[in-house]
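What's in structure.pdb: PDB, C-alpha atoms
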ATOM      1  CA  MET A  21     -42.166 114.424 155.217
ATOM      2  CA  THR A  22     -45.634 115.691 155.987
ATOM      3  CA  GLU A  23     -48.404 114.432 153.752
ATOM      4  CA  ASN A  24     -50.802 116.855 152.123
ATOM      5  CA  THR A  25     -53.873 115.205 150.639
ATOM      6  CA  ASN A  26     -56.099 116.926 148.109
ATOM      7  CA  LYS A  27     -59.410 115.274 147.264
ATOM      8  CA  SER A  28     -59.950 116.220 143.641
ATOM      9  CA  MET A  29     -63.136 116.295 141.626
ATOM     10  CA  SER A  30     -62.104 112.959 140.198
ATOM     11  CA  ASN A  31     -62.396 111.211 143.554
ATOM     12  CA  SER A  32     -58.665 110.539 143.376
ATOM     13  CA  ASP A  33     -56.674 111.142 146.537
ATOM     14  CA  ILE A  34     -53.723 113.369 145.664
ATOM     15  CA  LYS A  35     -51.076 112.627 148.263
ATOM     16  CA  ILE A  36     -48.298 115.204 148.260
ATOM     17  CA  GLY A  37     -45.210 114.340 150.273
ATOM     18  CA  LEU A  38     -45.673 110.612 150.785
ATOM     19  CA  PRO A  39     -42.674 108.456 149.772
ATOM     20  CA  ALA A  40     -43.128 106.327 146.678
ATOM     21  CA  VAL A  41     -43.141 103.034 148.613
ATOM     22  CA  ALA A  42     -46.147 104.226 150.634
ATOM     23  CA  PHE A  43     -48.453 103.077 147.826
ATOM     24  CA  LYS A  44     -48.313  99.603 149.375
ATOM     25  CA  GLU A  45     -50.421 100.902 152.270
ATOM     26  CA  PHE A  46     -53.362 101.322 149.879
ATOM     27  CA  LEU A  47     -53.307  97.964 148.083
ATOM     28  CA  ASN A  48     -55.600  96.081 150.499
ATOM     29  CA  ASN A  49     -53.986  92.732 149.656
ATOM     30  CA  ARG A  50     -54.747  93.089 145.949
ATOM     31  CA  ARG A  51     -52.344  91.528 143.468
ATOM     32  CA  THR A  52     -50.410  94.427 142.020
ATOM     33  CA  VAL A  53     -48.462  95.062 138.840
ATOM     34  CA  VAL A  54     -46.130  98.060 138.611
ATOM     35  CA  ILE A  55     -45.644  99.566 135.148
ATOM     36  CA  SER A  56     -42.503 101.673 134.959
ATOM     37  CA  ASP A  57     -39.333 102.279 132.948
ATOM     38  CA  HIS A  58     -35.727 101.104 133.150
ATOM     39  CA  ASN A  59     -34.410 104.295 134.781
ATOM     40  CA  LEU A  60     -36.819 104.167 137.711
ATOM     41  CA  PHE A  61     -36.319 100.422 138.161
ATOM     42  CA  ARG A  62     -32.594 101.109 138.492
ATOM     43  CA  LEU A  63     -32.970 104.116 140.810
ATOM     44  CA  TYR A  64     -35.755 102.871 143.103
ATOM     45  CA  PRO A  65     -35.722  99.040 143.162
ATOM     46  CA  ASP A  66     -37.385  98.895 146.593
ATOM     47  CA  VAL A  67     -40.598 100.319 145.134
ATOM     48  CA  PHE A  68     -41.051  97.146 143.078
ATOM     49  CA  ASP A  69     -40.538  94.671 145.941
ATOM     50  CA  GLY A  70     -43.449  92.263 146.343
ATOM     51  CA  CYS A  71     -45.116  93.270 143.068
ATOM     52  CA  ASP A  72     -45.108  91.987 139.525
ATOM     53  CA  LYS A  73     -43.541  94.483 137.165
ATOM     54  CA  ILE A  74     -43.622  95.498 133.522
ATOM     55  CA  ILE A  75     -40.665  97.631 132.466
ATOM     56  CA  LEU A  76     -41.078  99.808 129.370
ATOM     57  CA  PRO A  77     -38.625 101.907 127.360
ATOM     58  CA  SER A  78     -38.485 105.588 128.258
ATOM     59  CA  GLY A  79     -39.789 108.348 126.026
ATOM     60  CA  GLU A  80     -42.796 109.532 124.056
ATOM     61  CA  ASP A  81     -42.390 106.790 121.436
ATOM     62  CA  ALA A  82     -43.690 104.297 124.008
ATOM     63  CA  LYS A  83     -47.141 105.965 123.905
ATOM     64  CA  SER A  84     -48.489 103.710 121.165
ATOM     65  CA  LEU A  85     -51.034 100.976 120.597
ATOM     66  CA  LYS A  86     -48.128  98.576 120.094
ATOM     67  CA  THR A  87     -47.061  99.196 123.690
ATOM     68  CA  ILE A  88     -50.629  98.617 124.883
ATOM     69  CA  GLU A  89     -50.655  95.254 123.114
ATOM     70  CA  VAL A  90     -47.366  94.297 124.787
ATOM     71  CA  ILE A  91     -48.720  95.198 128.228
ATOM     72  CA  ILE A  92     -51.975  93.316 127.704
ATOM     73  CA  SER A  93     -49.992  90.243 126.629
ATOM     74  CA  GLU A  94     -48.071  90.486 129.904
ATOM     75  CA  PHE A  95     -51.322  90.869 131.866
ATOM     76  CA  VAL A  96     -52.596  87.664 130.253
ATOM     77  CA  LYS A  97     -49.358  85.813 131.083
ATOM     78  CA  LEU A  98     -49.651  86.992 134.684
ATOM     79  CA  ASN A  99     -53.231  85.724 134.777
ATOM     80  CA  LEU A 100     -54.598  88.949 136.181
ATOM     81  CA  ASP A 101     -58.254  89.228 137.129
ATOM     82  CA  ARG A 102     -60.613  92.112 137.720
ATOM     83  CA  ASN A 103     -59.492  92.413 141.344
ATOM     84  CA  SER A 104     -55.895  93.079 140.329
ATOM     85  CA  PHE A 105     -54.429  96.543 140.822
ATOM     86  CA  ILE A 106     -52.158  98.449 138.434
ATOM     87  CA  ILE A 107     -49.588 101.063 139.475
ATOM     88  CA  GLY A 108     -48.039 103.505 137.034
ATOM     89  CA  PHE A 109     -44.682 104.619 138.439
ATOM     90  CA  GLY A 110     -43.212 107.290 136.209
ATOM     91  CA  GLY A 111     -43.770 110.519 134.378
ATOM     92  CA  GLY A 112     -46.534 111.616 132.068
ATOM     93  CA  VAL A 113     -45.922 108.909 129.473
ATOM     94  CA  ILE A 114     -46.093 106.066 132.007
ATOM     95  CA  CYS A 115     -49.163 107.558 133.692
ATOM     96  CA  ASP A 116     -50.986 108.004 130.364
ATOM     97  CA  ILE A 117     -50.187 104.447 129.275
ATOM     98  CA  THR A 118     -51.033 102.895 132.638
ATOM     99  CA  GLY A 119     -54.350 104.676 133.021
ATOM    100  CA  PHE A 120     -55.393 103.715 129.497
ATOM    101  CA  VAL A 121     -54.434 100.033 129.603
ATOM    102  CA  ALA A 122     -55.925  99.594 133.096
ATOM    103  CA  SER A 123     -59.164 101.169 131.856
ATOM    104  CA  ILE A 124     -59.600  98.848 128.885
ATOM    105  CA  PHE A 125     -58.286  95.505 130.177
ATOM    106  CA  MET A 126     -61.215  93.315 131.231
ATOM    107  CA  ARG A 127     -63.308  96.501 130.898
ATOM    108  CA  GLY A 128     -61.441  98.167 133.694
ATOM    109  CA  LEU A 129     -59.020  97.466 136.534
ATOM    110  CA  SER A 130     -58.368  99.813 139.442
ATOM    111  CA  PHE A 131     -55.129 101.753 139.239
ATOM    112  CA  GLY A 132     -52.997 104.385 140.921
ATOM    113  CA  PHE A 133     -50.041 106.598 140.041
ATOM    114  CA  ILE A 134     -46.686 107.353 141.607
ATOM    115  CA  ALA A 135     -45.778 110.492 139.684
ATOM    116  CA  SER A 136     -42.007 110.686 139.354
ATOM    117  CA  THR A 137     -41.590 113.913 137.369
ATOM    118  CA  LEU A 138     -42.600 117.495 138.086
ATOM    119  CA  LEU A 139     -44.759 117.521 134.956
ATOM    120  CA  ALA A 140     -46.630 114.412 136.090
ATOM    121  CA  GLN A 141     -47.043 115.630 139.672
ATOM    122  CA  ILE A 142     -48.639 118.912 138.693
ATOM    123  CA  ASP A 143     -50.403 117.981 135.476
ATOM    124  CA  ALA A 144     -50.243 114.660 133.639
ATOM    125  CA  ALA A 145     -51.230 112.446 136.586
ATOM    126  CA  ILE A 146     -54.082 114.735 137.650
ATOM    127  CA  GLY A 147     -57.514 114.963 136.064
ATOM    128  CA  GLY A 148     -58.325 111.517 134.693
ATOM    129  CA  LYS A 149     -57.045 111.785 131.105
ATOM    130  CA  ASN A 150     -55.354 108.643 129.787
ATOM    131  CA  GLY A 151     -54.274 107.679 126.308
ATOM    132  CA  VAL A 152     -51.704 107.056 123.602
ATOM    133  CA  ASN A 153     -50.629 108.755 120.409
ATOM    134  CA  PHE A 154     -51.596 107.751 116.887
ATOM    135  CA  GLY A 155     -48.992 108.596 114.280
ATOM    136  CA  ASN A 156     -48.256 112.315 114.558
ATOM    137  CA  HIS A 157     -51.461 112.915 116.500
ATOM    138  CA  LYS A 158     -50.932 113.324 120.228
ATOM    139  CA  ASN A 159     -53.371 111.561 122.597
ATOM    140  CA  TYR A 160     -55.795 110.682 119.794
ATOM    141  CA  ILE A 161     -56.770 107.383 121.441
ATOM    142  CA  GLY A 162     -57.772 107.454 125.089
ATOM    143  CA  CYS A 163     -60.360 107.718 127.796
ATOM    144  CA  PHE A 164     -61.358 109.569 130.943
ATOM    145  CA  ASN A 165     -60.841 107.464 134.056
ATOM    146  CA  ASN A 166     -59.447 108.365 137.425
ATOM    147  CA  PRO A 167     -56.840 106.617 139.553
ATOM    148  CA  GLU A 168     -57.674 105.725 143.133
ATOM    149  CA  PHE A 169     -54.728 107.827 144.269
ATOM    150  CA  VAL A 170     -51.760 109.810 143.027
ATOM    151  CA  ILE A 171     -48.572 110.010 145.110
ATOM    152  CA  CYS A 172     -46.498 113.146 144.474
ATOM    153  CA  ASP A 173     -43.176 112.959 146.312
ATOM    154  CA  PRO A 174     -40.924 115.979 145.620
ATOM    155  CA  ILE A 175     -37.878 113.946 146.680
ATOM    156  CA  LEU A 176     -38.226 111.941 143.460
ATOM    157  CA  LEU A 177     -37.513 115.128 141.523
ATOM    158  CA  LYS A 178     -33.912 115.184 142.772
ATOM    159  CA  THR A 179     -32.977 112.440 140.293
ATOM    160  CA  LEU A 180     -34.630 114.083 137.282
ATOM    161  CA  SER A 181     -32.388 115.243 134.466
ATOM    162  CA  ASP A 182     -32.124 119.007 134.080
ATOM    163  CA  GLN A 183     -34.075 118.760 130.831
ATOM    164  CA  GLU A 184     -36.957 116.798 132.370
ATOM    165  CA  TYR A 185     -37.099 119.122 135.365
ATOM    166  CA  LYS A 186     -37.163 122.154 133.081
ATOM    167  CA  SER A 187     -39.996 120.508 131.144
ATOM    168  CA  GLY A 188     -42.049 120.400 134.349
ATOM    169  CA  LEU A 189     -41.291 124.050 135.026
ATOM    170  CA  GLY A 190     -42.866 124.829 131.661
ATOM    171  CA  GLU A 191     -46.220 123.523 132.899
ATOM    172  CA  VAL A 192     -45.749 125.390 136.185
ATOM    173  CA  LEU A 193     -45.457 128.606 134.174
ATOM    174  CA  LYS A 194     -48.684 127.724 132.388
ATOM    175  CA  TYR A 195     -50.533 127.487 135.701
ATOM    176  CA  ALA A 196     -49.069 130.826 136.750
ATOM    177  CA  LEU A 197     -50.720 132.433 133.711
ATOM    178  CA  ILE A 198     -54.157 130.794 133.829
ATOM    179  CA  THR A 199     -54.844 131.041 137.563
ATOM    180  CA  ASN A 200     -57.322 133.726 138.550
ATOM    181  CA  LYS A 201     -54.819 135.727 140.583
ATOM    182  CA  THR A 202     -51.178 136.748 140.168
ATOM    183  CA  GLU A 203     -50.200 134.922 143.375
ATOM    184  CA  LEU A 204     -48.353 132.050 141.694
ATOM    185  CA  PHE A 205     -46.867 134.330 139.023
ATOM    186  CA  ASN A 206     -45.429 136.613 141.719
ATOM    187  CA  TYR A 207     -44.278 133.638 143.805
ATOM    188  CA  LEU A 208     -42.317 132.252 140.860
ATOM    189  CA  ASN A 209     -40.728 135.645 140.270
ATOM    190  CA  GLN A 210     -39.661 135.846 143.908
ATOM    191  CA  ASN A 211     -38.444 132.253 144.247
ATOM    192  CA  THR A 212     -36.967 131.495 140.834
ATOM    193  CA  GLU A 213     -33.504 130.522 142.045
ATOM    194  CA  SER A 214     -34.816 128.284 144.839
ATOM    195  CA  LEU A 215     -37.157 126.530 142.430
ATOM    196  CA  LEU A 216     -34.375 126.030 139.883
ATOM    197  CA  ASN A 217     -32.305 124.514 142.702
ATOM    198  CA  ARG A 218     -35.190 122.128 143.534
ATOM    199  CA  ASN A 219     -35.751 123.437 147.063
ATOM    200  CA  GLN A 220     -38.149 120.965 148.667
ATOM    201  CA  ASP A 221     -40.291 123.506 150.539
ATOM    202  CA  ILE A 222     -40.680 125.689 147.460
ATOM    203  CA  LEU A 223     -41.499 122.652 145.335
ATOM    204  CA  LYS A 224     -44.111 121.438 147.776
ATOM    205  CA  PHE A 225     -45.860 124.819 147.730
ATOM    206  CA  VAL A 226     -45.809 124.962 143.926
ATOM    207  CA  ILE A 227     -47.045 121.375 143.517
ATOM    208  CA  ASN A 228     -49.909 122.014 145.940
ATOM    209  CA  LYS A 229     -50.875 125.212 144.137
ATOM    210  CA  CYS A 230     -50.834 123.609 140.690
ATOM    211  CA  VAL A 231     -52.729 120.499 141.808
ATOM    212  CA  LYS A 232     -55.387 122.642 143.476
ATOM    213  CA  THR A 233     -55.725 124.803 140.363
ATOM    214  CA  LYS A 234     -56.102 121.846 138.016
ATOM    215  CA  SER A 235     -58.541 120.045 140.330
ATOM    216  CA  ASP A 236     -60.718 123.158 140.585
ATOM    217  CA  ILE A 237     -60.757 123.597 136.807
ATOM    218  CA  VAL A 238     -61.486 119.949 136.041
ATOM    219  CA  SER A 239     -64.266 119.808 138.629
ATOM    220  CA  VAL A 240     -66.193 122.271 136.462
ATOM    221  CA  ASP A 241     -65.665 120.310 133.232
ATOM    222  CA  LEU A 242     -64.599 116.716 133.845
ATOM    223  CA  PHE A 243     -64.888 115.598 130.210
ATOM    224  CA  ASP A 244     -63.075 118.536 128.623
ATOM    225  CA  LYS A 245     -66.032 120.001 126.720
ATOM    226  CA  GLY A 246     -65.508 123.657 127.582
ATOM    227  CA  PHE A 247     -63.870 125.453 130.509
ATOM    228  CA  ARG A 248     -61.275 122.740 131.141
ATOM    229  CA  GLN A 249     -59.748 123.569 127.786
ATOM    230  CA  ILE A 250     -58.003 126.589 129.328
ATOM    231  CA  LEU A 251     -55.488 123.976 130.506
ATOM    232  CA  ASN A 252     -54.491 123.713 126.840
ATOM    233  CA  PHE A 253     -52.945 127.186 126.878
ATOM    234  CA  GLY A 254     -49.840 126.863 124.703
ATOM    235  CA  HIS A 255     -50.589 123.236 123.856
ATOM    236  CA  SER A 256     -51.960 123.436 120.315
ATOM    237  CA  PHE A 257     -48.714 125.011 119.140
ATOM    238  CA  GLY A 258     -46.695 123.154 121.754
ATOM    239  CA  HIS A 259     -47.709 119.727 120.466
ATOM    240  CA  CYS A 260     -46.533 120.670 116.973
ATOM    241  CA  ILE A 261     -43.243 121.992 118.306
ATOM    242  CA  GLU A 262     -42.742 118.946 120.523
ATOM    243  CA  LYS A 263     -43.126 116.594 117.578
ATOM    244  CA  ILE A 264     -41.079 118.455 114.999
ATOM    245  CA  GLU A 265     -38.305 119.789 117.243
ATOM    246  CA  ASN A 266     -38.144 116.610 119.364
ATOM    247  CA  ILE A 267     -38.062 118.443 122.691
ATOM    248  CA  PRO A 268     -39.804 117.555 125.986
ATOM    249  CA  HIS A 269     -43.476 118.389 126.334
ATOM    250  CA  GLY A 270     -43.309 121.151 128.958
ATOM    251  CA  MET A 271     -40.527 122.976 127.152
ATOM    252  CA  ALA A 272     -42.513 122.864 123.916
ATOM    253  CA  VAL A 273     -45.548 124.232 125.777
ATOM    254  CA  VAL A 274     -43.573 127.323 126.806
ATOM    255  CA  TYR A 275     -42.751 128.052 123.180
ATOM    256  CA  GLY A 276     -46.396 127.387 122.355
ATOM    257  CA  MET A 277     -47.424 129.906 125.013
ATOM    258  CA  LYS A 278     -45.071 132.475 123.496
ATOM    259  CA  ILE A 279     -46.882 132.092 120.175
ATOM    260  CA  ALA A 280     -50.266 132.341 121.904
ATOM    261  CA  LEU A 281     -49.092 135.513 123.657
ATOM    262  CA  GLN A 282     -48.054 136.948 120.299
ATOM    263  CA  ILE A 283     -51.508 136.249 118.876
ATOM    264  CA  SER A 284     -53.127 137.746 121.995
ATOM    265  CA  VAL A 285     -51.212 140.981 121.445
ATOM    266  CA  LYS A 286     -51.883 141.004 117.693
ATOM    267  CA  LYS A 287     -55.630 140.604 118.383
ATOM    268  CA  GLY A 288     -55.458 143.585 120.749
ATOM    269  CA  VAL A 289     -56.558 141.708 123.885
ATOM    270  CA  LEU A 290     -53.220 141.580 125.750
ATOM    271  CA  ASN A 291     -51.177 144.628 126.718
ATOM    272  CA  PRO A 292     -47.656 144.409 125.208
ATOM    273  CA  ASP A 293     -46.188 145.512 128.550
ATOM    274  CA  ARG A 294     -47.811 142.514 130.235
ATOM    275  CA  GLN A 295     -46.492 140.287 127.473
ATOM    276  CA  ASN A 296     -42.971 141.564 128.140
ATOM    277  CA  GLU A 297     -43.402 140.942 131.872
ATOM    278  CA  ILE A 298     -44.413 137.355 131.151
ATOM    279  CA  LEU A 299     -41.536 136.842 128.710
ATOM    280  CA  MET A 300     -39.112 138.150 131.338
ATOM    281  CA  LEU A 301     -40.300 135.447 133.762
ATOM    282  CA  PHE A 302     -39.875 132.823 131.038
ATOM    283  CA  ALA A 303     -36.321 134.081 130.509
ATOM    284  CA  LYS A 304     -35.534 133.830 134.232
ATOM    285  CA  PHE A 305     -36.315 130.127 133.964
ATOM    286  CA  GLY A 306     -34.065 129.757 130.925
ATOM    287  CA  PHE A 307     -36.699 129.821 128.187
ATOM    288  CA  ASN A 308     -34.997 132.313 125.881
ATOM    289  CA  GLN A 309     -35.285 130.512 122.562
ATOM    290  CA  GLU A 310     -37.830 131.488 119.941
ATOM    291  CA  ILE A 311     -39.320 128.843 117.668
ATOM    292  CA  ILE A 312     -40.906 130.004 114.429
ATOM    293  CA  MET A 313     -43.889 128.013 113.160
ATOM    294  CA  ARG A 314     -43.050 126.416 109.814
ATOM    295  CA  ASP A 315     -45.074 124.452 107.251
ATOM    296  CA  GLU A 316     -44.352 121.145 108.999
ATOM    297  CA  HIS A 317     -45.680 122.571 112.272
ATOM    298  CA  PHE A 318     -48.862 123.816 110.628
ATOM    299  CA  LYS A 319     -49.436 120.444 108.999
ATOM    300  CA  ILE A 320     -49.647 118.853 112.452
ATOM    301  CA  LEU A 321     -51.730 121.755 113.776
ATOM    302  CA  GLU A 322     -54.342 121.000 111.103
ATOM    303  CA  GLY A 323     -54.935 117.663 112.855
ATOM    304  CA  ASP A 324     -55.408 119.203 116.312
ATOM    305  CA  LYS A 325     -58.068 117.194 118.119
ATOM    306  CA  LYS A 326     -59.689 120.370 119.473
ATOM    307  CA  LYS A 327     -60.474 121.709 116.005
ATOM    308  CA  ASN A 328     -64.030 122.400 114.861
ATOM    309  CA  LEU A 329     -64.305 121.674 111.133
ATOM    310  CA  ASP A 330     -61.586 123.907 109.654
ATOM    311  CA  LEU A 331     -61.290 126.114 112.746
ATOM    312  CA  ILE A 332     -58.510 125.675 115.288
ATOM    313  CA  LYS A 333     -59.601 126.461 118.843
ATOM    314  CA  LEU A 334     -56.849 128.387 120.601
ATOM    315  CA  VAL A 335     -56.521 129.559 124.186
ATOM    316  CA  ILE A 336     -55.344 133.159 124.464
ATOM    317  CA  ILE A 337     -55.100 135.484 127.447
ATOM    318  CA  ASN A 338     -56.294 139.006 128.112
ATOM    319  CA  ASP A 339     -54.180 139.209 131.260
ATOM    320  CA  ILE A 340     -52.734 136.913 133.881
ATOM    321  CA  GLY A 341     -55.599 134.711 134.983
ATOM    322  CA  LYS A 342     -57.948 135.947 132.275
ATOM    323  CA  THR A 343     -58.166 133.403 129.479
ATOM    324  CA  ALA A 344     -60.328 133.366 126.372
ATOM    325  CA  PHE A 345     -60.977 131.083 123.417
ATOM    326  CA  LEU A 346     -60.390 132.042 119.821
ATOM    327  CA  GLU A 347     -61.315 129.993 116.748
ATOM    328  CA  LEU A 348     -59.221 130.692 113.668
ATOM    329  CA  LYS A 349     -58.488 129.132 110.314
ATOM    330  CA  ILE A 350     -54.929 128.035 109.606
ATOM    331  CA  ASP A 351     -54.404 130.876 107.126
ATOM    332  CA  GLU A 352     -55.593 133.412 109.720
ATOM    333  CA  ILE A 353     -53.102 132.035 112.239
ATOM    334  CA  LYS A 354     -50.306 132.238 109.663
ATOM    335  CA  ASP A 355     -51.179 135.883 108.951
ATOM    336  CA  LEU A 356     -51.118 136.772 112.659
ATOM    337  CA  LEU A 357     -47.684 135.206 113.069
ATOM    338  CA  LYS A 358     -46.049 137.102 110.199
TER     339      LYS A 358
END
Rewrite the structure of this file - the entire thing - as structure tokens.
Amino acid sequence: MTENTNKSMSNSDIKIGLPAVAFKEFLNNRRTVVISDHNLFRLYPDVFDGCDKIILPSGEDAKSLKTIEVIISEFVKLNLDRNSFIIGFGGGVICDITGFVASIFMRGLSFGFIASTLLAQIDAAIGGKNGVNFGNHKNYIGCFNNPEFVICDPILLKTLSDQEYKSGLGEVLKYALITNKTELFNYLNQNTESLLNRNQDILKFVINKCVKTKSDIVSVDLFDKGFRQILNFGHSFGHCIEKIENIPHGMAVVYGMKIALQISVKKGVLNPDRQNEILMLFAKFGFNQEIIMRDEHFKILEGDKKKNLDLIKLVIINDIGKTAFLELKIDEIKDLLK
């Protein structure tokens, strides 16, 4: 498979199309520990050959300080030093955990990612955000630090469950709405069936487009103080839905985007016809369900880390590729969603 390499603002090499085992070409004789989960260790045992390994449970519950303590204890047992190298082989959870623990152990070890899910390849592994959850608060503890490289091999996506693959498609749809042209939106409309069937050529195009979009956005605002926050379209509501409904991140983001679209129309900034066009694309990808925000959702929303005093900062859209920020109180949001 041909390798496409994107040099992002983060000085990470994004290598699209390299096989997972190719990470060993970049180790330069450094002692390496691979952090992964049981499923990937079972499916791809050759990736771990010649490296120490730390195998974690799968799922969002692993994103905790308790897990960080377990990993650091293993690092100490392995007698790692500051020249050691850490690989995160997995989806968004593994990448977040790996980047965070590598950044804080001995004040920072070098690390890289092998992104094994669509969501990680287009979003979670790109941009330098690392962290863990704290109680009901998503990514409350973390840092900005960039991996040396990220390997995105679409072949890995063949072994994803349908639910995990669909979660990644949710983030793809987000990029289609925040990019400054309708190119990706139209491409998804025209190639829906091929993308649902995990066609490798279609996937490679989509991954490249999403990675380029995120890299361009983050290059303007590396530390997430302003413009980069358009990447949170659908996320404020999505995080609440993810926690309460116990569904994968990308799927929750789609339902969060639906709510943001509703607010955009209610505020008079988005044409209802455009909203319907967007909802039709969501439906083509199987996102037909509606989730109504309830009191338990709003309770989590009140702790959103992007809030300013009692104002929740939301991303809305005026049109495809035209985002805006809106600060509202919880009661104002509730009124708009009636």
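Here the question is which of A:Ile117, A:Leu138, A:Leu251, A:Leu281 gets nearest to Val226 (chain A) using only C-alpha atoms, and that residue is A:Leu138.
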Selection result of the PyMOL selection byres ((chain A and resi 113-116) around 8) on this file, as a ChimeraX atom specification: /A:55-57,79-80,82-83,108-112,117-120,133,135,140,144-145,149-152
Written as a list of chain:residue names, which residues does the PyMOL selection byres ((chain A and resi 205-209) around 10) give for the file shown?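 Applied to this file, the PyMOL selection byres ((chain A and resi 205-209) around 10) selects A:Val192, A:Leu193, A:Lys194, A:Tyr195, A:Ala196, A:Leu197, A:Ile198, A:Thr199, A:Lys201, A:Thr202, A:Glu203, A:Leu204, A:Gln210, A:Asn211, A:Thr212, A:Glu213, A:Ser214, A:Leu215, A:Ile222, A:Phe225, A:Val226, A:Ile298, A:Met300, A:Leu301, A:Phe302, A:Lys304, A:Phe305, A:Ile340, A:Gly341.
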Residue with the minimum atom-to-atom distance to Lys358 (chain A), picked from A:Lys286, A:Arg62, A:Arg218, A:Ala40 with all atoms listed in the file counted, is A:Lys286
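If you measure from each of A:Ile261, A:Ile91, A:Ile146, A:Leu139 to Asp33 (chain A) using only C-alpha atoms, the closest one turns out to be A:Ile146.
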Give me the result of the PyMOL selection byres ((chain A and resi 347) around 7) on this file, residue by residue, as JSON, numbers by chain. {"A": [331, 332, 333, 334, 345, 346, 348]}
Please produce an output containing C-alpha atoms for each residue in the selection, written as a PDB file, in the coordinates of the input.
ATOM      1  CA  LEU A 331     -61.290 126.114 112.746  1.00  0.00           C
ATOM      2  CA  ILE A 332     -58.510 125.675 115.288  1.00  0.00           C
ATOM      3  CA  LYS A 333     -59.601 126.461 118.843  1.00  0.00           C
ATOM      4  CA  LEU A 334     -56.849 128.387 120.601  1.00  0.00           C
ATOM      5  CA  PHE A 345     -60.977 131.083 123.417  1.00  0.00           C
ATOM      6  CA  LEU A 346     -60.390 132.042 119.821  1.00  0.00           C
ATOM      7  CA  LEU A 348     -59.221 130.692 113.668  1.00  0.00           C
TER       8      LEU A 348
END
Could you add N, CA and C atoms to region 108-124 of chain A and give me the result as a short mmCIF file (atom, residue, chain, number, x, y, z; two decimals), in the coordinates of the input?
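So the final result, stored in rebuild.cif, reads:
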data_model
loop_
_atom_site.label_atom_id
_atom_site.label_comp_id
_atom_site.auth_asym_id
_atom_site.auth_seq_id
_atom_site.Cartn_x
_atom_site.Cartn_y
_atom_site.Cartn_z
N GLY A 108 -48.91 102.84 137.99
CA GLY A 108 -48.04 103.50 137.03
C GLY A 108 -47.02 104.32 137.80
N PHE A 109 -45.75 103.92 137.74
CA PHE A 109 -44.68 104.62 138.44
C PHE A 109 -43.80 105.29 137.39
N GLY A 110 -44.00 106.59 137.21
CA GLY A 110 -43.21 107.29 136.21
C GLY A 110 -43.73 108.68 135.93
N GLY A 111 -43.34 109.19 134.78
CA GLY A 111 -43.77 110.52 134.38
C GLY A 111 -45.06 110.47 133.58
N GLY A 112 -45.28 111.51 132.79
CA GLY A 112 -46.53 111.62 132.07
C GLY A 112 -46.79 110.47 131.11
N VAL A 113 -45.75 110.00 130.44
CA VAL A 113 -45.92 108.91 129.47
C VAL A 113 -46.39 107.64 130.18
N ILE A 114 -45.72 107.27 131.26
CA ILE A 114 -46.09 106.07 132.01
C ILE A 114 -47.50 106.21 132.59
N CYS A 115 -47.83 107.36 133.12
CA CYS A 115 -49.16 107.56 133.69
C CYS A 115 -50.24 107.45 132.62
N ASP A 116 -50.01 108.07 131.46
CA ASP A 116 -50.99 108.00 130.36
C ASP A 116 -51.21 106.56 129.91
N ILE A 117 -50.10 105.84 129.73
CA ILE A 117 -50.19 104.45 129.28
C ILE A 117 -50.89 103.58 130.32
N THR A 118 -50.48 103.73 131.57
CA THR A 118 -51.03 102.90 132.64
C THR A 118 -52.53 103.12 132.81
N GLY A 119 -52.93 104.38 132.85
CA GLY A 119 -54.35 104.68 133.02
C GLY A 119 -55.18 104.13 131.88
N PHE A 120 -54.65 104.20 130.66
CA PHE A 120 -55.39 103.72 129.50
C PHE A 120 -55.51 102.19 129.50
N VAL A 121 -54.38 101.50 129.68
CA VAL A 121 -54.43 100.03 129.60
C VAL A 121 -55.23 99.45 130.77
N ALA A 122 -55.13 100.07 131.96
CA ALA A 122 -55.92 99.59 133.10
C ALA A 122 -57.41 99.80 132.85
N SER A 123 -57.75 100.85 132.11
CA SER A 123 -59.16 101.17 131.86
C SER A 123 -59.81 100.24 130.84
N ILE A 124 -59.01 99.66 129.94
CA ILE A 124 -59.60 98.85 128.88
C ILE A 124 -59.44 97.35 129.12
#
